[in-house]
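Structure file target.cif with mmCIF, C-alpha atoms:
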data_input
loop_
_atom_site.label_atom_id
_atom_site.label_comp_id
_atom_site.auth_asym_id
_atom_site.auth_seq_id
_atom_site.Cartn_x
_atom_site.Cartn_y
_atom_site.Cartn_z
CA MET T 1 -127.33 51.01 50.03
CA GLY T 2 -125.18 52.81 47.43
CA ARG T 3 -122.38 50.26 47.08
CA THR T 4 -124.68 47.29 47.53
CA SER T 5 -127.14 48.34 44.86
CA ASP T 6 -124.20 49.10 42.58
CA ALA T 7 -123.06 45.48 42.95
CA GLY T 8 -126.49 44.25 41.85
CA GLU T 9 -126.30 46.37 38.74
CA LYS T 10 -122.78 45.15 38.02
CA ILE T 11 -123.98 41.54 38.23
CA LEU T 12 -126.90 42.29 35.91
CA SER T 13 -124.67 44.08 33.42
CA ALA T 14 -122.01 41.35 33.41
CA ALA T 15 -124.67 38.67 32.99
CA HIS T 16 -126.24 40.61 30.12
CA SER T 17 -122.95 40.71 28.20
CA LEU T 18 -122.03 37.12 28.98
CA ILE T 19 -125.44 35.63 28.12
CA GLU T 20 -125.57 37.61 24.90
CA LEU T 21 -122.15 36.33 23.90
CA ARG T 22 -122.17 32.76 25.21
CA GLY T 23 -125.70 31.75 26.09
CA TYR T 24 -127.13 30.56 29.38
CA ALA T 25 -125.90 27.03 30.07
CA ALA T 26 -122.23 27.86 29.54
CA LEU T 27 -122.21 30.33 32.45
CA GLY T 28 -121.87 29.84 36.17
CA VAL T 29 -122.59 32.23 39.00
CA ALA T 30 -118.89 32.32 39.92
CA GLU T 31 -117.85 33.51 36.45
CA ILE T 32 -120.59 36.13 36.34
CA CYS T 33 -119.49 37.52 39.72
CA ARG T 34 -115.83 37.45 38.68
CA THR T 35 -116.67 39.41 35.51
CA ALA T 36 -118.80 41.82 37.53
CA GLY T 37 -115.98 42.26 40.04
CA VAL T 38 -118.21 41.47 43.02
CA PRO T 39 -117.76 38.76 45.67
CA LYS T 40 -119.62 35.57 44.84
CA GLY T 41 -121.15 35.62 48.30
CA SER T 42 -123.14 38.73 47.46
CA PHE T 43 -124.89 37.17 44.44
CA TYR T 44 -127.82 35.67 46.32
CA TYR T 45 -128.46 38.94 48.09
CA PHE T 46 -129.60 40.29 44.71
CA PHE T 47 -130.85 37.28 42.77
CA ALA T 48 -132.54 34.10 43.94
CA SER T 49 -130.82 32.03 41.27
CA LYS T 50 -128.99 32.13 37.96
CA GLU T 51 -132.39 31.61 36.34
CA ALA T 52 -133.83 34.66 38.11
CA LEU T 53 -130.83 36.68 36.96
CA ALA T 54 -131.32 35.55 33.35
CA LEU T 55 -134.99 36.57 33.52
CA ALA T 56 -133.91 40.00 34.79
CA VAL T 57 -131.51 40.25 31.83
CA ILE T 58 -134.31 39.31 29.42
CA ASP T 59 -136.65 41.88 30.98
CA GLN T 60 -134.01 44.61 30.86
CA GLU T 61 -133.22 43.91 27.21
CA TRP T 62 -136.88 43.81 26.22
CA ALA T 63 -137.63 47.08 28.06
CA ALA T 64 -134.89 48.75 26.02
CA ARG T 65 -135.81 47.16 22.72
CA GLN T 66 -139.55 47.66 23.18
CA HIS T 67 -138.85 51.36 23.67
CA VAL T 68 -137.07 51.53 20.29
CA TRP T 69 -139.72 49.41 18.53
CA ALA T 70 -142.51 51.59 19.92
CA ARG T 71 -140.80 54.80 18.89
CA VAL T 72 -140.15 53.54 15.36
CA LEU T 73 -143.42 51.68 14.75
CA ASN T 74 -145.69 54.32 16.30
CA GLY T 75 -144.01 57.04 14.24
CA SER T 76 -145.85 59.29 11.84
CA GLY T 77 -144.35 58.03 8.55
CA ALA T 78 -146.08 55.67 6.13
CA PRO T 79 -146.48 52.20 7.73
CA LEU T 80 -144.17 50.36 5.32
CA TYR T 81 -141.42 52.91 5.87
CA ARG T 82 -141.70 52.45 9.62
CA LEU T 83 -141.06 48.76 9.11
CA ARG T 84 -138.05 49.62 6.99
CA GLU T 85 -136.74 51.81 9.81
CA LEU T 86 -137.21 48.92 12.24
CA PHE T 87 -135.00 46.68 10.11
CA GLU T 88 -132.42 49.43 9.78
CA HIS T 89 -132.32 49.67 13.57
CA ALA T 90 -131.93 45.90 13.88
CA GLN T 91 -129.04 45.97 11.41
CA ALA T 92 -127.36 48.92 13.12
CA ALA T 93 -127.68 47.16 16.50
CA GLN T 94 -125.95 44.05 15.16
CA GLN T 95 -123.20 46.17 13.60
CA ALA T 96 -122.69 48.05 16.87
CA GLY T 97 -122.49 44.76 18.77
CA GLN T 98 -119.93 43.48 16.30
CA LEU T 99 -117.78 46.57 16.83
CA THR T 100 -117.91 46.07 20.60
CA CYS T 101 -117.47 42.28 20.79
CA GLY T 102 -115.67 41.52 17.52
CA THR T 103 -118.45 39.15 16.59
CA ILE T 104 -122.18 39.41 15.99
CA SER T 105 -124.12 37.99 18.94
CA GLY T 106 -127.53 37.90 17.28
CA CYS T 107 -130.81 38.41 19.11
CA ILE T 108 -130.69 37.43 22.77
CA PHE T 109 -134.38 36.38 22.63
CA GLY T 110 -133.82 34.17 19.59
CA ASN T 111 -130.64 32.74 21.11
CA LEU T 112 -132.38 31.84 24.36
CA ALA T 113 -135.51 30.57 22.57
CA LEU T 114 -133.41 28.00 20.73
CA GLU T 115 -131.15 27.21 23.67
CA MET T 116 -133.63 27.07 26.55
CA SER T 117 -137.31 27.25 25.60
CA ASN T 118 -137.70 23.47 25.39
CA GLN T 119 -135.97 22.96 28.74
CA THR T 120 -137.30 25.57 31.13
CA GLU T 121 -140.94 26.62 31.13
CA VAL T 122 -140.26 29.96 32.76
CA PHE T 123 -137.99 30.92 29.84
CA ARG T 124 -140.49 29.57 27.34
CA ASP T 125 -143.30 31.65 28.87
CA ARG T 126 -141.31 34.87 29.08
CA LEU T 127 -139.92 34.58 25.56
CA GLN T 128 -143.36 33.75 24.17
CA GLU T 129 -144.69 36.94 25.77
CA ILE T 130 -141.90 38.97 24.19
CA PHE T 131 -142.36 37.51 20.71
CA GLU T 132 -146.15 37.94 20.99
CA ALA T 133 -145.55 41.60 21.88
CA GLN T 134 -143.26 41.95 18.85
CA VAL T 135 -145.88 40.37 16.59
CA ASP T 136 -148.54 42.67 18.13
CA MET T 137 -146.47 45.73 17.28
CA VAL T 138 -145.74 44.63 13.72
CA GLU T 139 -149.34 43.57 13.20
CA ALA T 140 -150.64 47.02 14.18
CA VAL T 141 -148.52 48.50 11.38
CA VAL T 142 -149.65 45.83 8.91
CA VAL T 143 -153.30 46.56 9.75
CA GLU T 144 -152.65 50.25 9.14
CA ALA T 145 -151.01 49.48 5.79
CA LEU T 146 -153.95 47.25 4.89
CA THR T 147 -156.42 50.03 5.69
CA ARG T 148 -154.45 52.29 3.35
CA GLY T 149 -154.57 49.61 0.64
CA GLU T 150 -150.78 49.27 0.62
CA VAL T 151 -150.63 45.55 1.35
CA THR T 152 -152.78 42.63 0.28
CA VAL T 153 -152.49 40.09 3.11
CA THR T 154 -155.64 38.57 4.51
CA ASP T 155 -154.34 37.17 7.82
CA THR T 156 -152.53 40.13 9.38
CA ARG T 157 -151.50 38.12 12.48
CA GLU T 158 -149.86 35.36 10.49
CA ALA T 159 -148.23 37.91 8.20
CA ALA T 160 -146.77 39.81 11.15
CA ARG T 161 -145.49 36.58 12.66
CA SER T 162 -143.82 35.66 9.36
CA VAL T 163 -142.13 39.06 9.24
CA VAL T 164 -140.71 38.52 12.74
CA ALA T 165 -139.69 34.95 11.78
CA GLN T 166 -137.86 36.29 8.73
CA LEU T 167 -136.07 38.78 10.98
CA GLU T 168 -134.97 36.00 13.36
CA GLY T 169 -133.91 33.75 10.50
CA GLN T 170 -131.79 36.43 8.86
CA VAL T 171 -130.27 37.41 12.22
CA LEU T 172 -129.25 33.76 12.53
CA PHE T 173 -127.40 34.11 9.23
CA ALA T 174 -125.86 37.43 10.30
CA LYS T 175 -124.49 35.70 13.40
CA LEU T 176 -123.36 32.59 11.52
CA TYR T 177 -121.49 34.64 8.88
CA ASN T 178 -120.55 37.40 11.33
CA ASN T 179 -121.86 39.81 8.74
CA ALA T 180 -124.67 42.29 9.30
CA SER T 181 -125.22 42.71 5.55
CA GLN T 182 -127.12 39.41 5.76
CA LEU T 183 -129.92 41.69 6.99
CA ASP T 184 -130.00 43.72 3.76
CA PRO T 185 -132.95 41.82 2.22
CA LEU T 186 -135.22 42.26 5.26
CA TRP T 187 -137.36 45.09 3.96
CA ALA T 188 -137.79 43.67 0.46
CA ASN T 189 -138.69 40.32 2.00
CA CYS T 190 -141.13 42.00 4.37
CA LEU T 191 -142.83 43.71 1.42
CA ALA T 192 -143.04 40.36 -0.37
CA LEU T 193 -144.49 38.61 2.69
CA LEU T 194 -147.10 41.36 3.07
CA GLY T 195 -148.04 41.35 -0.58
CA ALA T 196 -146.86 44.94 -0.98
CA ARG T 197 -145.09 46.51 -3.91
CA PRO T 198 -141.69 48.07 -3.19
CA PRO T 199 -142.49 51.81 -3.34
CA GLN T 200 -140.47 53.63 -5.97
CA ARG T 201 -139.61 56.44 -3.63
CA GLU T 202 -140.55 57.65 -0.20
CA PRO T 203 -143.77 59.61 -0.62
CA ALA T 204 -143.86 63.24 0.50
CA GLY T 205 -145.02 63.44 4.09
CA ALA T 206 -144.28 59.77 4.66
CA MET V 1 -113.67 -4.84 17.44
CA GLY V 2 -117.40 -5.61 17.60
CA ARG V 3 -118.06 -4.37 21.13
CA THR V 4 -115.62 -1.47 20.87
CA SER V 5 -117.09 -0.08 17.65
CA ASP V 6 -120.55 -0.51 19.16
CA ALA V 7 -119.49 1.74 22.07
CA GLY V 8 -118.43 4.46 19.61
CA GLU V 9 -121.82 4.35 17.96
CA LYS V 10 -123.57 4.46 21.33
CA ILE V 11 -121.60 7.58 22.26
CA LEU V 12 -122.46 9.21 18.93
CA SER V 13 -126.13 8.33 19.27
CA ALA V 14 -126.38 9.55 22.87
CA ALA V 15 -124.58 12.80 21.98
CA HIS V 16 -126.93 13.31 19.02
CA SER V 17 -130.02 13.08 21.24
CA LEU V 18 -128.55 15.16 24.05
CA ILE V 19 -127.20 17.95 21.81
CA GLU V 20 -130.48 18.13 19.93
CA LEU V 21 -132.39 18.46 23.19
CA ARG V 22 -130.07 20.57 25.33
CA GLY V 23 -127.40 22.13 23.14
CA TYR V 24 -123.62 21.84 23.35
CA ALA V 25 -122.39 23.79 26.37
CA ALA V 26 -124.77 22.15 28.83
CA LEU V 27 -123.25 18.71 28.22
CA GLY V 28 -120.16 17.04 29.62
CA VAL V 29 -118.35 13.94 28.42
CA ALA V 30 -119.30 12.12 31.63
CA GLU V 31 -123.03 12.64 31.08
CA ILE V 32 -122.78 11.60 27.44
CA CYS V 33 -120.99 8.37 28.38
CA ARG V 34 -123.48 7.70 31.19
CA THR V 35 -126.38 8.11 28.75
CA ALA V 36 -124.60 5.92 26.22
CA GLY V 37 -123.95 3.30 28.88
CA VAL V 38 -120.22 3.13 28.15
CA PRO V 39 -117.31 3.71 30.54
CA LYS V 40 -116.03 7.28 30.46
CA GLY V 41 -112.51 5.95 29.98
CA SER V 42 -113.40 4.67 26.52
CA PHE V 43 -114.55 8.07 25.20
CA TYR V 44 -111.16 9.28 24.00
CA TYR V 45 -110.55 6.03 22.19
CA PHE V 46 -113.29 7.12 19.77
CA PHE V 47 -113.29 10.92 19.87
CA ALA V 48 -110.46 13.37 20.39
CA SER V 49 -112.70 15.79 22.27
CA LYS V 50 -116.28 16.80 22.96
CA GLU V 51 -115.90 19.23 20.07
CA ALA V 52 -114.86 16.43 17.70
CA LEU V 53 -117.86 14.41 18.85
CA ALA V 54 -120.22 17.34 18.21
CA LEU V 55 -118.79 17.73 14.71
CA ALA V 56 -119.42 14.02 14.10
CA VAL V 57 -123.02 14.54 15.27
CA ILE V 58 -123.42 17.49 12.90
CA ASP V 59 -121.99 15.49 9.99
CA GLN V 60 -124.20 12.51 10.72
CA GLU V 61 -127.33 14.68 10.90
CA TRP V 62 -126.46 16.54 7.72
CA ALA V 63 -125.74 13.31 5.82
CA ALA V 64 -129.24 12.09 6.72
CA ARG V 65 -130.98 15.39 6.04
CA GLN V 66 -129.10 16.06 2.80
CA HIS V 67 -130.30 12.68 1.58
CA VAL V 68 -133.94 13.69 2.17
CA TRP V 69 -133.47 17.16 0.70
CA ALA V 70 -131.83 15.73 -2.43
CA ARG V 71 -134.56 13.15 -2.93
CA VAL V 72 -137.31 15.74 -2.54
CA LEU V 73 -135.71 18.65 -4.39
CA ASN V 74 -134.33 16.58 -7.27
CA GLY V 75 -137.72 14.94 -7.77
CA SER V 76 -139.68 15.08 -11.00
CA GLY V 77 -142.61 17.26 -9.89
CA ALA V 78 -142.99 20.96 -10.63
CA PRO V 79 -140.31 22.98 -8.80
CA LEU V 80 -142.68 24.87 -6.49
CA TYR V 81 -144.36 21.63 -5.42
CA ARG V 82 -140.98 20.13 -4.57
CA LEU V 83 -140.39 23.06 -2.22
CA ARG V 84 -143.79 22.44 -0.66
CA GLU V 85 -142.82 18.82 -0.09
CA LEU V 86 -139.60 19.96 1.57
CA PHE V 87 -141.56 22.04 4.08
CA GLU V 88 -143.97 19.17 4.69
CA HIS V 89 -140.96 16.99 5.50
CA ALA V 90 -139.58 19.62 7.87
CA GLN V 91 -142.92 19.85 9.65
CA ALA V 92 -143.30 16.07 9.89
CA ALA V 93 -139.76 15.79 11.31
CA GLN V 94 -140.57 18.32 14.06
CA GLN V 95 -143.82 16.52 14.85
CA ALA V 96 -142.01 13.18 15.03
CA GLY V 97 -139.37 14.68 17.35
CA GLN V 98 -142.12 16.07 19.56
CA LEU V 99 -143.73 12.64 19.84
CA THR V 100 -140.39 11.12 20.85
CA CYS V 101 -139.11 13.82 23.23
CA GLY V 102 -142.34 15.48 24.35
CA THR V 103 -141.04 18.78 23.08
CA ILE V 104 -139.94 20.20 19.74
CA SER V 105 -136.16 20.43 19.57
CA GLY V 106 -135.95 22.57 16.44
CA CYS V 107 -133.16 22.36 13.90
CA ILE V 108 -129.85 21.17 15.33
CA PHE V 109 -127.96 23.34 12.81
CA GLY V 110 -129.93 26.46 13.72
CA ASN V 111 -129.62 25.67 17.43
CA LEU V 112 -125.84 25.29 17.22
CA ALA V 113 -125.47 28.30 14.89
CA LEU V 114 -127.04 30.53 17.54
CA GLU V 115 -125.35 28.82 20.47
CA MET V 116 -121.82 28.30 19.17
CA SER V 117 -121.01 29.93 15.82
CA ASN V 118 -119.68 33.11 17.42
CA GLN V 119 -117.52 31.18 19.88
CA THR V 120 -115.88 28.35 17.97
CA GLU V 121 -114.59 28.81 14.43
CA VAL V 122 -114.74 25.12 13.61
CA PHE V 123 -118.49 25.10 14.32
CA ARG V 124 -118.95 28.33 12.40
CA ASP V 125 -117.17 26.90 9.35
CA ARG V 126 -119.00 23.58 9.36
CA LEU V 127 -122.42 25.15 9.85
CA GLN V 128 -121.74 27.72 7.13
CA GLU V 129 -120.93 24.87 4.74
CA ILE V 130 -124.19 23.14 5.63
CA PHE V 131 -126.34 26.24 5.21
CA GLU V 132 -124.56 27.08 1.93
CA ALA V 133 -125.37 23.57 0.73
CA GLN V 134 -129.02 24.06 1.73
CA VAL V 135 -129.15 27.37 -0.11
CA ASP V 136 -127.49 25.71 -3.15
CA MET V 137 -130.18 23.05 -3.23
CA VAL V 138 -133.06 25.50 -2.86
CA GLU V 139 -131.51 27.86 -5.40
CA ALA V 140 -131.33 25.11 -8.04
CA VAL V 141 -135.08 24.67 -7.71
CA VAL V 142 -135.68 28.43 -7.82
CA VAL V 143 -133.61 28.69 -11.01
CA GLU V 144 -135.68 25.92 -12.53
CA ALA V 145 -138.92 27.69 -11.54
CA LEU V 146 -137.55 30.91 -13.01
CA THR V 147 -136.77 29.18 -16.30
CA ARG V 148 -140.35 27.97 -16.40
CA GLY V 149 -141.60 31.49 -15.71
CA GLU V 150 -143.20 30.47 -12.43
CA VAL V 151 -141.37 32.94 -10.20
CA THR V 152 -140.25 36.51 -10.69
CA VAL V 153 -137.17 36.90 -8.48
CA THR V 154 -134.06 38.46 -9.98
CA ASP V 155 -131.45 37.37 -7.42
CA THR V 156 -132.01 33.63 -7.12
CA ARG V 157 -129.23 33.24 -4.52
CA GLU V 158 -130.64 35.84 -2.18
CA ALA V 159 -134.15 34.49 -2.69
CA ALA V 160 -133.04 30.96 -1.81
CA ARG V 161 -131.24 32.25 1.28
CA SER V 162 -134.38 34.10 2.37
CA VAL V 163 -136.43 30.92 1.98
CA VAL V 164 -133.99 29.03 4.22
CA ALA V 165 -133.98 31.95 6.69
CA GLN V 166 -137.79 31.88 6.81
CA LEU V 167 -137.62 28.14 7.50
CA GLU V 168 -135.18 28.66 10.39
CA GLY V 169 -137.23 31.54 11.79
CA GLN V 170 -140.48 29.57 11.76
CA VAL V 171 -138.72 26.53 13.27
CA LEU V 172 -137.65 28.86 16.08
CA PHE V 173 -141.33 29.67 16.67
CA ALA V 174 -142.29 25.98 16.44
CA LYS V 175 -139.75 25.25 19.18
CA LEU V 176 -140.73 28.24 21.30
CA TYR V 177 -144.45 27.37 21.16
CA ASN V 178 -143.82 23.62 21.07
CA ASN V 179 -146.21 23.54 18.16
CA ALA V 180 -145.35 22.29 14.67
CA SER V 181 -148.33 24.11 13.16
CA GLN V 182 -146.15 27.24 13.35
CA LEU V 183 -144.68 25.79 10.14
CA ASP V 184 -148.01 25.90 8.28
CA PRO V 185 -147.28 29.22 6.50
CA LEU V 186 -143.92 28.09 5.09
CA TRP V 187 -145.01 27.30 1.57
CA ALA V 188 -147.20 30.38 1.13
CA ASN V 189 -144.35 32.52 2.49
CA CYS V 190 -141.90 30.82 0.16
CA LEU V 191 -144.17 31.60 -2.80
CA ALA V 192 -144.38 35.23 -1.65
CA LEU V 193 -140.60 35.50 -1.25
CA LEU V 194 -140.08 34.07 -4.73
CA GLY V 195 -142.66 36.32 -6.33
CA ALA V 196 -144.77 33.31 -7.31
CA ARG V 197 -148.54 32.98 -7.30
CA PRO V 198 -150.00 30.24 -5.12
CA PRO V 199 -151.11 27.68 -7.71
CA GLN V 200 -154.86 27.00 -7.55
CA ARG V 201 -154.32 23.28 -7.75
CA GLU V 202 -151.50 20.88 -8.43
CA PRO V 203 -151.10 20.70 -12.21
CA ALA V 204 -151.42 17.32 -13.91
CA GLY V 205 -148.01 15.70 -14.15
CA ALA V 206 -146.55 18.03 -11.50
#

As structure tokens, what does this structure read like?
Amino acid sequence: MGRTSDAGEKILSAAHSLIELRGYAALGVAEICRTAGVPKGSFYYFFASKEALALAVIDQEWAARQHVWARVLNGSGAPLYRLRELFEHAQAAQQAGQLTCGTISGCIFGNLALEMSNQTEVFRDRLQEIFEAQVDMVEAVVVEALTRGEVTVTDTREAARSVVAQLEGQVLFAKLYNNASQLDPLWANCLALLGARPPQREPAGA
Amino acid sequence: MGRTSDAGEKILSAAHSLIELRGYAALGVAEICRTAGVPKGSFYYFFASKEALALAVIDQEWAARQHVWARVLNGSGAPLYRLRELFEHAQAAQQAGQLTCGTISGCIFGNLALEMSNQTEVFRDRLQEIFEAQVDMVEAVVVEALTRGEVTVTDTREAARSVVAQLEGQVLFAKLYNNASQLDPLWANCLALLGARPPQREPAGA
């Protein structure tokens, strides 16, 4: 089982890198297996199809990112500062990707949403679930900030969705310009979208 | 020349529809020619490559959209209401596309920016030019609103870029949910990002 299961992980890892860099349609099973260094014949032992593999990649990426989002957004600091930390993580992740690949790959969920959501219902459904979960997590923080009187929005769901949309839009620019500093305005924009005032300094105990 | 030039336009038109719906990598010259109803052999008489054809599609789409943006944003109404009209146009365009294709295709520039800008410099350059031009046009309106004391932003360039980013992010959601009402919050979000107050009603002469 050792070597076999290792091959499955190699396929998943190669597909993750390739899909992040080049999208879904551009790839074939043969190229993924070649990159993974496993015989093409073994592919279907692990995955029913290229589509099933891409869904496994999406799930793996979301499991990792959800872990970071939960740690940051469920933290003990003031709600607005937790959102700032989330954007700092997003920016650092894009910078790290740029160092590895030479070019910013953007958000794999946003990339696949624009490439595939109108063509394949199973991608549309999975990506909707992921973005709903992101909006859920941001909304919980917005509700907390509202309770503390730190923001003035009335529709917390719509506000959270707009914050995530702004993140995706600025990540698009970061990818287009291959420059993670495009993400600099995220926190200020988030504060504006939530009807918050930029705090002068981080409060003690925040 | 009549029939020949007609074939070139058919190829361009078919490529426009196909790229909008399915992206760039998924398409081959053979499929484009089949959809256009022209012999594959005639393709290279009109276009040097699939890449050259995609650039022609991008230019054609931008020429049309720039015309609309200029008409709306150079209009005589109050600056903030011209921005509202721009978002109404964007929403109507997505709704019209949905009626035609059954599914929202999003923004061809945003789609290609996420699919191709990190892979092909010529796409990156052309799409950067287009988004810079969009930011230019929005910024001119923001500057005008600032002169009139209707917004409070200090960096008009960054504010305009954030407005365009918000548009792209919400279009991503409209495509993902196949629902143009995802674009409903655009104007309110734009006002928030610009530090404007939502006007109670359209002023006389606006």

Name every residue that the PyMOL selection byres ((chain V and resi 96-108) around 8) selects in this structure, writing the answer as a PDB file with C-alpha atoms, in the coordinates of the input with chains first and numbers rising.
ATOM      1  CA  LEU T 114    -133.410  28.000  20.730  1.00  0.00           C
ATOM      2  CA  ASN T 118    -137.700  23.470  25.390  1.00  0.00           C
TER       3      ASN T 118
ATOM      4  CA  ILE V  19    -127.200  17.950  21.810  1.00  0.00           C
ATOM      5  CA  GLU V  20    -130.480  18.130  19.930  1.00  0.00           C
ATOM      6  CA  LEU V  21    -132.390  18.460  23.190  1.00  0.00           C
ATOM      7  CA  ILE V  58    -123.420  17.490  12.900  1.00  0.00           C
ATOM      8  CA  ALA V  92    -143.300  16.070   9.890  1.00  0.00           C
ATOM      9  CA  ALA V  93    -139.760  15.790  11.310  1.00  0.00           C
ATOM     10  CA  GLN V  94    -140.570  18.320  14.060  1.00  0.00           C
ATOM     11  CA  GLN V  95    -143.820  16.520  14.850  1.00  0.00           C
ATOM     12  CA  PHE V 109    -127.960  23.340  12.810  1.00  0.00           C
ATOM     13  CA  GLY V 110    -129.930  26.460  13.720  1.00  0.00           C
ATOM     14  CA  ASN V 111    -129.620  25.670  17.430  1.00  0.00           C
ATOM     15  CA  LEU V 112    -125.840  25.290  17.220  1.00  0.00           C
ATOM     16  CA  GLU V 168    -135.180  28.660  10.390  1.00  0.00           C
ATOM     17  CA  VAL V 171    -138.720  26.530  13.270  1.00  0.00           C
ATOM     18  CA  LEU V 172    -137.650  28.860  16.080  1.00  0.00           C
ATOM     19  CA  ALA V 174    -142.290  25.980  16.440  1.00  0.00           C
ATOM     20  CA  LYS V 175    -139.750  25.250  19.180  1.00  0.00           C
ATOM     21  CA  ASN V 178    -143.820  23.620  21.070  1.00  0.00           C
ATOM     22  CA  ASN V 179    -146.210  23.540  18.160  1.00  0.00           C
ATOM     23  CA  ALA V 180    -145.350  22.290  14.670  1.00  0.00           C
TER      24      ALA V 180
END

Compile the contact shell of range 74-81 of chain T as a tab-separated table (two decimals) with C-alpha atoms, keeping the file's coordinate frame: residues with an atom at most 7 Å away, counting only C-alpha atoms, same-chain residues fewer than 2 positions apart removed.
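Saved file out-v8.tsv follows:
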chain	number	residue	atom	x	y	z
T	70	ALA	CA	-142.51	51.59	19.92
T	71	ARG	CA	-140.80	54.80	18.89
T	72	VAL	CA	-140.15	53.54	15.36
T	83	LEU	CA	-141.06	48.76	9.11
T	84	ARG	CA	-138.05	49.62	6.99
T	85	GLU	CA	-136.74	51.81	9.81
T	141	VAL	CA	-148.52	48.50	11.38
T	144	GLU	CA	-152.65	50.25	9.14
T	145	ALA	CA	-151.01	49.48	5.79
T	206	ALA	CA	-144.28	59.77	4.66

- May I have the residues of chain T within 9 Å of chain V, counting only C-alpha atoms, written as a count of residues only? 56

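Using the PyMOL selection byres ((chain T and resi 143) around 12) on this structure selects Pro79, Leu80, Val135, Asp136, Met137, Val138, Glu139, Ala140, Val141, Val142, Glu144, Ala145, Leu146, Thr147, Arg148, Gly149, Glu150, Val151, Thr152, Val153, Thr154, Asp155, Thr156, Arg157, Glu158, Ala159, Ala160 and Leu194 of chain T.
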
- Atom-to-atom span, CA of His16 in chain T and CA of Arg126 in chain T, Å: 16.2 Å
